[in-house]
Amino acid sequence: MALIKVRNLEKSFGKLDVLRGIDLDVDEGEKLVIIGPSGSGKSTLLRCLNLLEEPTGGSIEFAGVMLTDRETNLPQIREEIGMVFQSFNLFPHKNVTENISMAPLIVKNYDRSKAQDIALGLLKKVGLSDKADNYPAELSGGQQQRVAIARALAMQPRVMLFDEPTSALDPEMVGEVLEVMKELAEEGMTMAVVTHEMKFAQEIGDRLIFMDEGLIVEEGTPQQIFTEPSNARTRSFLTRVMQ
Amino acid sequence: MDLIIKSMPFLLTGAAQTLKITLIAVTLGCILGLFGGMGRLSKNRFIRGLATCYVDFVRGTPLLVQLFIIYYGMPQVIQGVKGILEVSFALGPFSSTSHIPPFVAAVTACSLNSGAYVSEIFRSGIQSIEKGQREAALSLGMTSKQAMRHIILPQAVRRIIPPLGNEFIAMLKDTSLLICIGYAELTRQGQLIISSTFRPFEIWFAVALLYLIMTLTISRLVDVTERRLGVNGTHQS
């Protein structure tokens with residue numbers, strides 16, 4: 001059963017059509033990787049999945065709930081959809097532990113000690129137990145992104161969306177973040193990842209979609225797409241990024 | 001010198017009034033400004049329009065005129081309303097005077113004035129917080145209100161402390177206009193002394209000095225608060 005069902009999704013910003021009819025299913029436990037040139041709409045597609053961007057057409061269903069219905073309680077649905085941003089977006093006025101425990105405290109009304117326990121447990125998982133009391137500005141980019149992943153996991157989401165999670169990082173920090181994501185994938189988390197890390201895509205992806213000009217141009221296993229892409233645009237994109 | 005020392009107690013009571021009005025006005029102004037600022041950013045067109053009208057009117061007209069509208073103009077309106085109530089609804093009788101006490105007029109005019117400027121300070125403070133902060137909060141399941149209260153406002157407040165300090169100082173100096181409705185603040189007290197001593201230079205100089213002491217103290221306090229909250233410190237990325 002598909003956890004996320006996207007049908008004929010359209011999104012335009014003014015006159016610019018960014019998504020022009022996307023159909024997509026994401027199964028429970030599946031790792032979906034989205035690649036494509038910049039401006040192809042891949043980030044917009046991801047941001048539509050938790051309605052940070054409001055679609056201009058089509059529908060999105062999550063676990064049987066129609067997200068694109070006006071009556072849907074969006075905050076409640078978003079609890080189950082974790083998101084990790086390119087620019088981390090940690091809360092600068094809160095320390096690392098507070099960043100992680102905040103949403104469980106406010107949204108789930110957990111008591112302080114329970115939220116604290118969750119935060120410390122997740123910090124251990126992402127290897128940052130020693131940074132519990134630091135503020136985001138005191139961390140490296142890689143560390144900030146790992147905290148951001150922990151923050152999203154604190155809500156115990158059913159799916160995690162990653163929007164170019166390593167694009168803002170210095171090269172030497174990319175590995176530590178991908179490592180955490182890999183671990184998450186192995187635990188069976190449902191993931192949708194927009195990335196430029198082709199090796200990583202190949203390693204963890206169950207399915208890969210290539211987007212261009214607001215459409216899904218090609219989809220298949222990473223193996224298929226990397227070794228024998230059938231579409232000319234996919235081929236030219238891959239030769240550009242693989243060299 | 002002797003004259004200045006002798007008139008000091010009288011001037012200081014004026015300074016105390018100046019400080020009192022300023023404190024009340026800016027405090028009420030902050031409350032008004034919080035709502036005004038959020039109103040200016042509201043999705044609701046009516047609320048946004050209302051907030052914009054308020055801010056534009058107050059910022060586009062002199063405080064002195066606003067003060068006159070309230071002190072001299074409102075009694076006429078109150079009188080009119082009383083008349084209607086008595087004649088048409090057989091209510092009353094009301095007391096015959098509709099005079100507004102100078103203190104009430106002063107606090108009302110200054111608060112409304114301050115509120116408009118603080119609205120703009122809050123608006124720009126809220127807008128200066130990166131879009132990603134709100135998105136991160138929403139993606140965690142927070143409602144718009146929760147994101148505003150726990151994520152955006154706490155950061156905005158840290159950023160608006162310096163402009164808020166400036167507003168405080170500006171308001172303190174503007175209260176000298178209250179002399180025009182005879183309110184016994186610092187400038188008015190100075191004027192009264194001069195009318196009996198005929199020594200304008202010394203007295204106006206003493207008045208200026210008292211204003212200076214108050215404004216410098218405030219700006220020092222703002223600096224300290226700013227450092228305490230880490231506006232430029234390690235907590236801000």
# chains A, B, ... in the order shown; residues from 1 in each chain; ligands from 1
>>> interface_residues(of="chain B", to="chain A", cutoff="9 Å", atoms="only C-alpha atoms", output="PDB file with N, CA, C and O atoms, in the first residue's frame")
ATOM      1  N   GLU B 130      14.376  34.658   9.117  1.00  0.00           N
ATOM      2  CA  GLU B 130      14.434  33.888   7.874  1.00  0.00           C
ATOM      3  C   GLU B 130      13.183  33.011   7.712  1.00  0.00           C
ATOM      4  O   GLU B 130      12.684  32.438   8.670  1.00  0.00           O
ATOM      5  N   GLY B 132      12.931  30.155   6.582  1.00  0.00           N
ATOM      6  CA  GLY B 132      13.202  28.767   6.961  1.00  0.00           C
ATOM      7  C   GLY B 132      12.837  28.447   8.401  1.00  0.00           C
ATOM      8  O   GLY B 132      12.538  27.299   8.727  1.00  0.00           O
ATOM      9  N   GLN B 133      12.855  29.452   9.278  1.00  0.00           N
ATOM     10  CA  GLN B 133      12.519  29.216  10.684  1.00  0.00           C
ATOM     11  C   GLN B 133      11.055  28.814  10.817  1.00  0.00           C
ATOM     12  O   GLN B 133      10.718  27.879  11.527  1.00  0.00           O
ATOM     13  N   ARG B 134      10.200  29.561  10.118  1.00  0.00           N
ATOM     14  CA  ARG B 134       8.777  29.245  10.159  1.00  0.00           C
ATOM     15  C   ARG B 134       8.516  27.885   9.502  1.00  0.00           C
ATOM     16  O   ARG B 134       7.762  27.069  10.011  1.00  0.00           O
ATOM     17  N   GLU B 135       9.202  27.650   8.380  1.00  0.00           N
ATOM     18  CA  GLU B 135       9.004  26.381   7.673  1.00  0.00           C
ATOM     19  C   GLU B 135       9.420  25.198   8.536  1.00  0.00           C
ATOM     20  O   GLU B 135       8.741  24.175   8.576  1.00  0.00           O
ATOM     21  N   ALA B 136      10.561  25.355   9.228  1.00  0.00           N
ATOM     22  CA  ALA B 136      11.022  24.263  10.091  1.00  0.00           C
ATOM     23  C   ALA B 136       9.985  24.006  11.191  1.00  0.00           C
ATOM     24  O   ALA B 136       9.646  22.852  11.481  1.00  0.00           O
ATOM     25  N   ALA B 137       9.465  25.080  11.770  1.00  0.00           N
ATOM     26  CA  ALA B 137       8.480  24.933  12.840  1.00  0.00           C
ATOM     27  C   ALA B 137       7.219  24.240  12.318  1.00  0.00           C
ATOM     28  O   ALA B 137       6.704  23.308  12.934  1.00  0.00           O
ATOM     29  N   LEU B 138       6.733  24.683  11.151  1.00  0.00           N
ATOM     30  CA  LEU B 138       5.534  24.075  10.582  1.00  0.00           C
ATOM     31  C   LEU B 138       5.770  22.615  10.243  1.00  0.00           C
ATOM     32  O   LEU B 138       4.921  21.762  10.461  1.00  0.00           O
ATOM     33  N   SER B 139       6.964  22.317   9.716  1.00  0.00           N
ATOM     34  CA  SER B 139       7.242  20.939   9.302  1.00  0.00           C
ATOM     35  C   SER B 139       7.264  19.999  10.507  1.00  0.00           C
ATOM     36  O   SER B 139       7.098  18.798  10.358  1.00  0.00           O
ATOM     37  N   LEU B 140       7.461  20.553  11.711  1.00  0.00           N
ATOM     38  CA  LEU B 140       7.453  19.725  12.918  1.00  0.00           C
ATOM     39  C   LEU B 140       6.050  19.550  13.494  1.00  0.00           C
ATOM     40  O   LEU B 140       5.869  18.928  14.525  1.00  0.00           O
ATOM     41  N   GLY B 141       5.075  20.156  12.819  1.00  0.00           N
ATOM     42  CA  GLY B 141       3.698  20.003  13.271  1.00  0.00           C
ATOM     43  C   GLY B 141       3.182  21.168  14.096  1.00  0.00           C
ATOM     44  O   GLY B 141       2.086  21.101  14.636  1.00  0.00           O
ATOM     45  N   MET B 142       3.982  22.230  14.214  1.00  0.00           N
ATOM     46  CA  MET B 142       3.477  23.390  14.954  1.00  0.00           C
ATOM     47  C   MET B 142       2.436  24.116  14.109  1.00  0.00           C
ATOM     48  O   MET B 142       2.510  24.124  12.883  1.00  0.00           O
ATOM     49  N   THR B 143       1.472  24.746  14.795  1.00  0.00           N
ATOM     50  CA  THR B 143       0.533  25.593  14.080  1.00  0.00           C
ATOM     51  C   THR B 143       1.206  26.939  13.827  1.00  0.00           C
ATOM     52  O   THR B 143       2.258  27.228  14.395  1.00  0.00           O
ATOM     53  N   SER B 144       0.579  27.755  12.990  1.00  0.00           N
ATOM     54  CA  SER B 144       1.124  29.100  12.714  1.00  0.00           C
ATOM     55  C   SER B 144       1.322  29.877  14.000  1.00  0.00           C
ATOM     56  O   SER B 144       2.324  30.557  14.187  1.00  0.00           O
ATOM     57  N   GLN B 146       1.732  28.706  17.093  1.00  0.00           N
ATOM     58  CA  GLN B 146       2.843  28.162  17.890  1.00  0.00           C
ATOM     59  C   GLN B 146       4.186  28.578  17.309  1.00  0.00           C
ATOM     60  O   GLN B 146       5.111  28.929  18.043  1.00  0.00           O
ATOM     61  N   HIS B 150       6.657  30.628  19.681  1.00  0.00           N
ATOM     62  CA  HIS B 150       7.843  29.965  20.232  1.00  0.00           C
ATOM     63  C   HIS B 150       9.097  30.145  19.387  1.00  0.00           C
ATOM     64  O   HIS B 150      10.205  30.034  19.895  1.00  0.00           O
ATOM     65  N   ILE B 151       8.926  30.373  18.099  1.00  0.00           N
ATOM     66  CA  ILE B 151      10.100  30.414  17.226  1.00  0.00           C
ATOM     67  C   ILE B 151      10.375  31.835  16.716  1.00  0.00           C
ATOM     68  O   ILE B 151      11.479  32.339  16.833  1.00  0.00           O
ATOM     69  N   PRO B 154      10.303  35.162  19.755  1.00  0.00           N
ATOM     70  CA  PRO B 154      11.476  35.252  20.633  1.00  0.00           C
ATOM     71  C   PRO B 154      12.725  35.748  19.908  1.00  0.00           C
ATOM     72  O   PRO B 154      13.529  36.484  20.473  1.00  0.00           O
ATOM     73  N   GLN B 155      12.875  35.354  18.651  1.00  0.00           N
ATOM     74  CA  GLN B 155      14.036  35.824  17.892  1.00  0.00           C
ATOM     75  C   GLN B 155      13.858  37.283  17.469  1.00  0.00           C
ATOM     76  O   GLN B 155      14.800  38.067  17.475  1.00  0.00           O
ATOM     77  N   THR B 234      26.686  34.683  20.841  1.00  0.00           N
ATOM     78  CA  THR B 234      26.858  33.351  20.286  1.00  0.00           C
ATOM     79  C   THR B 234      25.540  32.672  19.958  1.00  0.00           C
ATOM     80  O   THR B 234      25.521  31.696  19.242  1.00  0.00           O
ATOM     81  N   HIS B 235      24.439  33.195  20.489  1.00  0.00           N
ATOM     82  CA  HIS B 235      23.186  32.484  20.275  1.00  0.00           C
ATOM     83  C   HIS B 235      22.574  32.747  18.917  1.00  0.00           C
ATOM     84  O   HIS B 235      21.588  32.165  18.557  1.00  0.00           O
ATOM     85  N   GLN B 236      23.187  33.669  18.198  1.00  0.00           N
ATOM     86  CA  GLN B 236      22.617  34.020  16.898  1.00  0.00           C
ATOM     87  C   GLN B 236      23.526  33.476  15.818  1.00  0.00           C
ATOM     88  O   GLN B 236      24.734  33.671  15.880  1.00  0.00           O
ATOM     89  N   SER B 237      22.965  32.775  14.860  1.00  0.00           N
ATOM     90  CA  SER B 237      23.832  32.245  13.815  1.00  0.00           C
ATOM     91  C   SER B 237      23.941  33.227  12.676  1.00  0.00           C
ATOM     92  O   SER B 237      23.133  34.125  12.566  1.00  0.00           O
TER      93      SER B 237
END
>>> residues_around(residues="B:Cys110", least_positions_apart="5", cutoff="9 Å", atoms="only C-alpha atoms", output="VMD selection string")
chain B and resid 21 to 22 24 to 26 29 63 66 to 67 105 115 171 174 to 175
>>> write_last_selection(atoms="N, CA, C and O atoms", output="PDB file, in the first residue's frame")
ATOM      1  N   ILE B  21       5.198  59.326  32.293  1.00  0.00           N
ATOM      2  CA  ILE B  21       4.407  59.297  31.061  1.00  0.00           C
ATOM      3  C   ILE B  21       5.106  58.442  29.998  1.00  0.00           C
ATOM      4  O   ILE B  21       4.474  57.629  29.312  1.00  0.00           O
ATOM      5  N   THR B  22       6.417  58.622  29.871  1.00  0.00           N
ATOM      6  CA  THR B  22       7.142  57.872  28.856  1.00  0.00           C
ATOM      7  C   THR B  22       7.049  56.372  29.110  1.00  0.00           C
ATOM      8  O   THR B  22       6.774  55.595  28.188  1.00  0.00           O
ATOM      9  N   ILE B  24       4.811  54.641  30.824  1.00  0.00           N
ATOM     10  CA  ILE B  24       3.455  54.127  30.575  1.00  0.00           C
ATOM     11  C   ILE B  24       3.189  54.067  29.077  1.00  0.00           C
ATOM     12  O   ILE B  24       2.688  53.069  28.548  1.00  0.00           O
ATOM     13  N   ALA B  25       3.559  55.154  28.378  1.00  0.00           N
ATOM     14  CA  ALA B  25       3.257  55.234  26.941  1.00  0.00           C
ATOM     15  C   ALA B  25       3.989  54.143  26.166  1.00  0.00           C
ATOM     16  O   ALA B  25       3.409  53.492  25.291  1.00  0.00           O
ATOM     17  N   VAL B  26       5.268  53.942  26.479  1.00  0.00           N
ATOM     18  CA  VAL B  26       6.018  52.946  25.707  1.00  0.00           C
ATOM     19  C   VAL B  26       5.563  51.529  26.063  1.00  0.00           C
ATOM     20  O   VAL B  26       5.495  50.653  25.203  1.00  0.00           O
ATOM     21  N   GLY B  29       2.442  51.167  24.390  1.00  0.00           N
ATOM     22  CA  GLY B  29       2.810  51.197  22.974  1.00  0.00           C
ATOM     23  C   GLY B  29       3.344  49.851  22.506  1.00  0.00           C
ATOM     24  O   GLY B  29       3.086  49.430  21.379  1.00  0.00           O
ATOM     25  N   LEU B  63       2.530  64.642  16.440  1.00  0.00           N
ATOM     26  CA  LEU B  63       2.065  64.262  17.766  1.00  0.00           C
ATOM     27  C   LEU B  63       1.288  65.407  18.421  1.00  0.00           C
ATOM     28  O   LEU B  63       0.280  65.184  19.091  1.00  0.00           O
ATOM     29  N   GLN B  66      -2.199  65.351  17.235  1.00  0.00           N
ATOM     30  CA  GLN B  66      -2.893  64.208  17.846  1.00  0.00           C
ATOM     31  C   GLN B  66      -3.278  64.538  19.286  1.00  0.00           C
ATOM     32  O   GLN B  66      -4.384  64.222  19.754  1.00  0.00           O
ATOM     33  N   LEU B  67      -2.368  65.197  19.963  1.00  0.00           N
ATOM     34  CA  LEU B  67      -2.609  65.584  21.348  1.00  0.00           C
ATOM     35  C   LEU B  67      -3.792  66.553  21.433  1.00  0.00           C
ATOM     36  O   LEU B  67      -4.674  66.416  22.290  1.00  0.00           O
ATOM     37  N   ALA B 105      -5.250  62.486  28.807  1.00  0.00           N
ATOM     38  CA  ALA B 105      -5.009  62.871  27.416  1.00  0.00           C
ATOM     39  C   ALA B 105      -3.560  62.586  27.029  1.00  0.00           C
ATOM     40  O   ALA B 105      -3.279  62.072  25.939  1.00  0.00           O
ATOM     41  N   GLY B 115       2.548  53.323  19.927  1.00  0.00           N
ATOM     42  CA  GLY B 115       2.075  52.045  19.386  1.00  0.00           C
ATOM     43  C   GLY B 115       2.276  51.935  17.892  1.00  0.00           C
ATOM     44  O   GLY B 115       2.624  50.877  17.370  1.00  0.00           O
ATOM     45  N   MET B 171      10.378  59.057  22.385  1.00  0.00           N
ATOM     46  CA  MET B 171       9.139  59.355  23.105  1.00  0.00           C
ATOM     47  C   MET B 171       9.421  60.242  24.311  1.00  0.00           C
ATOM     48  O   MET B 171       8.693  61.197  24.585  1.00  0.00           O
ATOM     49  N   ASP B 174       9.765  63.642  23.088  1.00  0.00           N
ATOM     50  CA  ASP B 174       8.501  64.173  22.558  1.00  0.00           C
ATOM     51  C   ASP B 174       7.518  64.569  23.649  1.00  0.00           C
ATOM     52  O   ASP B 174       6.616  65.378  23.409  1.00  0.00           O
ATOM     53  N   THR B 175       7.683  64.004  24.847  1.00  0.00           N
ATOM     54  CA  THR B 175       6.728  64.371  25.908  1.00  0.00           C
ATOM     55  C   THR B 175       6.850  65.857  26.261  1.00  0.00           C
ATOM     56  O   THR B 175       5.984  66.390  26.937  1.00  0.00           O
TER      57      THR B 175
END
>>> residues_around(residues="A:Val26", least_positions_apart="4", cutoff="6 Å", atoms="only C-alpha atoms", output="list in words")
Ala2, Leu3 and Ile4 of chain A
>>> closest_residue(among="A:Gln156, A:Asn99, A:Thr195, A:Ser12", to="A:Ser38", atoms="only C-alpha atoms")
A:Thr195
>>> select_by_dssp(residues="stretch 56-153 of chain B", states="helix (DSSP H, G or I)", output="PyMOL selection string")
chain B and resi 56-60+63-89+102-127+131-139+144-153
>>> atom_distance(atom1="atom CA of A:Met242", atom2="atom CA of A:Arg207")
18.5 Å
>>> select_by_dssp(residues="stretch 96-187 of chain A", states="strand (DSSP E)", output="MDAnalysis selection string")
chainID A and resid 159:163
>>> closest_residue(among="A:Phe200, A:Thr190, A:Asp69, A:Ala150", to="A:Leu178", atoms="only C-alpha atoms")
A:Phe200
>>> closest_residue(among="A:Leu67, A:Leu105, A:Arg235, A:Pro37", to="A:Glu54", atoms="only C-alpha atoms")
A:Leu67
>>> decode(residues="stretch 1-14 of chain B", atoms="all heavy atoms", output="short mmCIF file (atom, residue, chain, number, x, y, z; two decimals), in the first residue's frame")
data_model
loop_
_atom_site.label_atom_id
_atom_site.label_comp_id
_atom_site.auth_asym_id
_atom_site.auth_seq_id
_atom_site.Cartn_x
_atom_site.Cartn_y
_atom_site.Cartn_z
N MET B 1 24.36 79.30 39.33
CA MET B 1 24.49 77.96 39.89
C MET B 1 23.53 77.78 41.06
O MET B 1 22.83 76.78 41.17
CB MET B 1 25.95 77.76 40.35
CG MET B 1 26.31 76.29 40.57
SD MET B 1 26.25 75.38 39.00
CE MET B 1 25.76 73.78 39.58
N ASP B 2 23.55 78.79 41.91
CA ASP B 2 22.67 78.79 43.05
C ASP B 2 21.22 78.62 42.63
O ASP B 2 20.47 77.82 43.20
CB ASP B 2 22.85 80.13 43.78
CG ASP B 2 22.70 79.94 45.28
OD1 ASP B 2 23.09 78.85 45.76
OD2 ASP B 2 22.19 80.87 45.94
N LEU B 3 20.87 79.34 41.58
CA LEU B 3 19.50 79.31 41.05
C LEU B 3 19.13 77.90 40.58
O LEU B 3 18.06 77.39 40.86
CB LEU B 3 19.39 80.32 39.90
CG LEU B 3 18.06 80.30 39.15
CD1 LEU B 3 16.95 80.83 40.04
CD2 LEU B 3 18.18 81.11 37.88
N ILE B 4 20.09 77.28 39.89
CA ILE B 4 19.83 75.93 39.36
C ILE B 4 19.60 74.96 40.51
O ILE B 4 18.65 74.17 40.49
CB ILE B 4 21.01 75.46 38.48
CG1 ILE B 4 21.06 76.32 37.21
CG2 ILE B 4 20.85 73.99 38.12
CD1 ILE B 4 22.19 75.98 36.27
N ILE B 5 20.46 75.04 41.52
CA ILE B 5 20.31 74.13 42.66
C ILE B 5 18.97 74.36 43.36
O ILE B 5 18.27 73.43 43.72
CB ILE B 5 21.48 74.32 43.66
CG1 ILE B 5 22.76 73.80 43.01
CG2 ILE B 5 21.21 73.56 44.97
CD1 ILE B 5 24.02 74.13 43.76
N LYS B 6 18.63 75.63 43.50
CA LYS B 6 17.37 75.94 44.18
C LYS B 6 16.16 75.45 43.41
O LYS B 6 15.16 75.03 44.01
CB LYS B 6 17.27 77.48 44.37
CG LYS B 6 17.50 77.89 45.82
CD LYS B 6 16.93 79.27 46.05
CE LYS B 6 18.04 80.25 46.35
NZ LYS B 6 17.71 81.63 46.09
N SER B 7 16.24 75.51 42.08
CA SER B 7 15.07 75.09 41.31
C SER B 7 15.07 73.58 41.02
O SER B 7 14.12 73.06 40.44
CB SER B 7 14.98 75.89 40.01
OG SER B 7 16.25 76.00 39.43
N MET B 8 16.15 72.91 41.40
CA MET B 8 16.26 71.48 41.10
C MET B 8 15.07 70.64 41.60
O MET B 8 14.52 69.86 40.83
CB MET B 8 17.57 70.94 41.69
CG MET B 8 18.46 70.11 40.75
SD MET B 8 17.92 69.80 39.10
CE MET B 8 19.25 70.44 38.15
N PRO B 9 14.67 70.77 42.85
CA PRO B 9 13.55 69.94 43.32
C PRO B 9 12.32 70.08 42.44
O PRO B 9 11.67 69.09 42.07
CB PRO B 9 13.27 70.48 44.73
CG PRO B 9 14.57 71.08 45.16
CD PRO B 9 15.20 71.64 43.91
N PHE B 10 12.03 71.34 42.07
CA PHE B 10 10.87 71.61 41.22
C PHE B 10 11.04 70.96 39.84
O PHE B 10 10.12 70.33 39.32
CB PHE B 10 10.71 73.13 41.09
CG PHE B 10 9.39 73.54 40.53
CD1 PHE B 10 8.21 73.29 41.23
CD2 PHE B 10 9.31 74.18 39.30
CE1 PHE B 10 6.98 73.67 40.72
CE2 PHE B 10 8.08 74.56 38.78
CZ PHE B 10 6.92 74.31 39.49
N LEU B 11 12.25 71.10 39.28
CA LEU B 11 12.52 70.49 37.96
C LEU B 11 12.46 68.97 38.04
O LEU B 11 11.97 68.30 37.14
CB LEU B 11 13.90 70.92 37.44
CG LEU B 11 14.03 72.37 36.98
CD1 LEU B 11 15.45 72.66 36.51
CD2 LEU B 11 13.03 72.68 35.87
N LEU B 12 12.96 68.43 39.16
CA LEU B 12 12.98 66.97 39.29
C LEU B 12 11.57 66.38 39.36
O LEU B 12 11.33 65.29 38.82
CB LEU B 12 13.78 66.55 40.52
CG LEU B 12 15.31 66.60 40.34
CD1 LEU B 12 16.03 66.27 41.64
CD2 LEU B 12 15.76 65.63 39.24
N THR B 13 10.63 67.10 39.97
CA THR B 13 9.26 66.57 39.95
C THR B 13 8.76 66.52 38.52
O THR B 13 8.04 65.60 38.13
CB THR B 13 8.29 67.45 40.78
OG1 THR B 13 8.33 68.78 40.25
CG2 THR B 13 8.65 67.47 42.25
N GLY B 14 9.18 67.51 37.72
CA GLY B 14 8.82 67.50 36.30
C GLY B 14 9.45 66.33 35.58
O GLY B 14 8.80 65.62 34.80
#
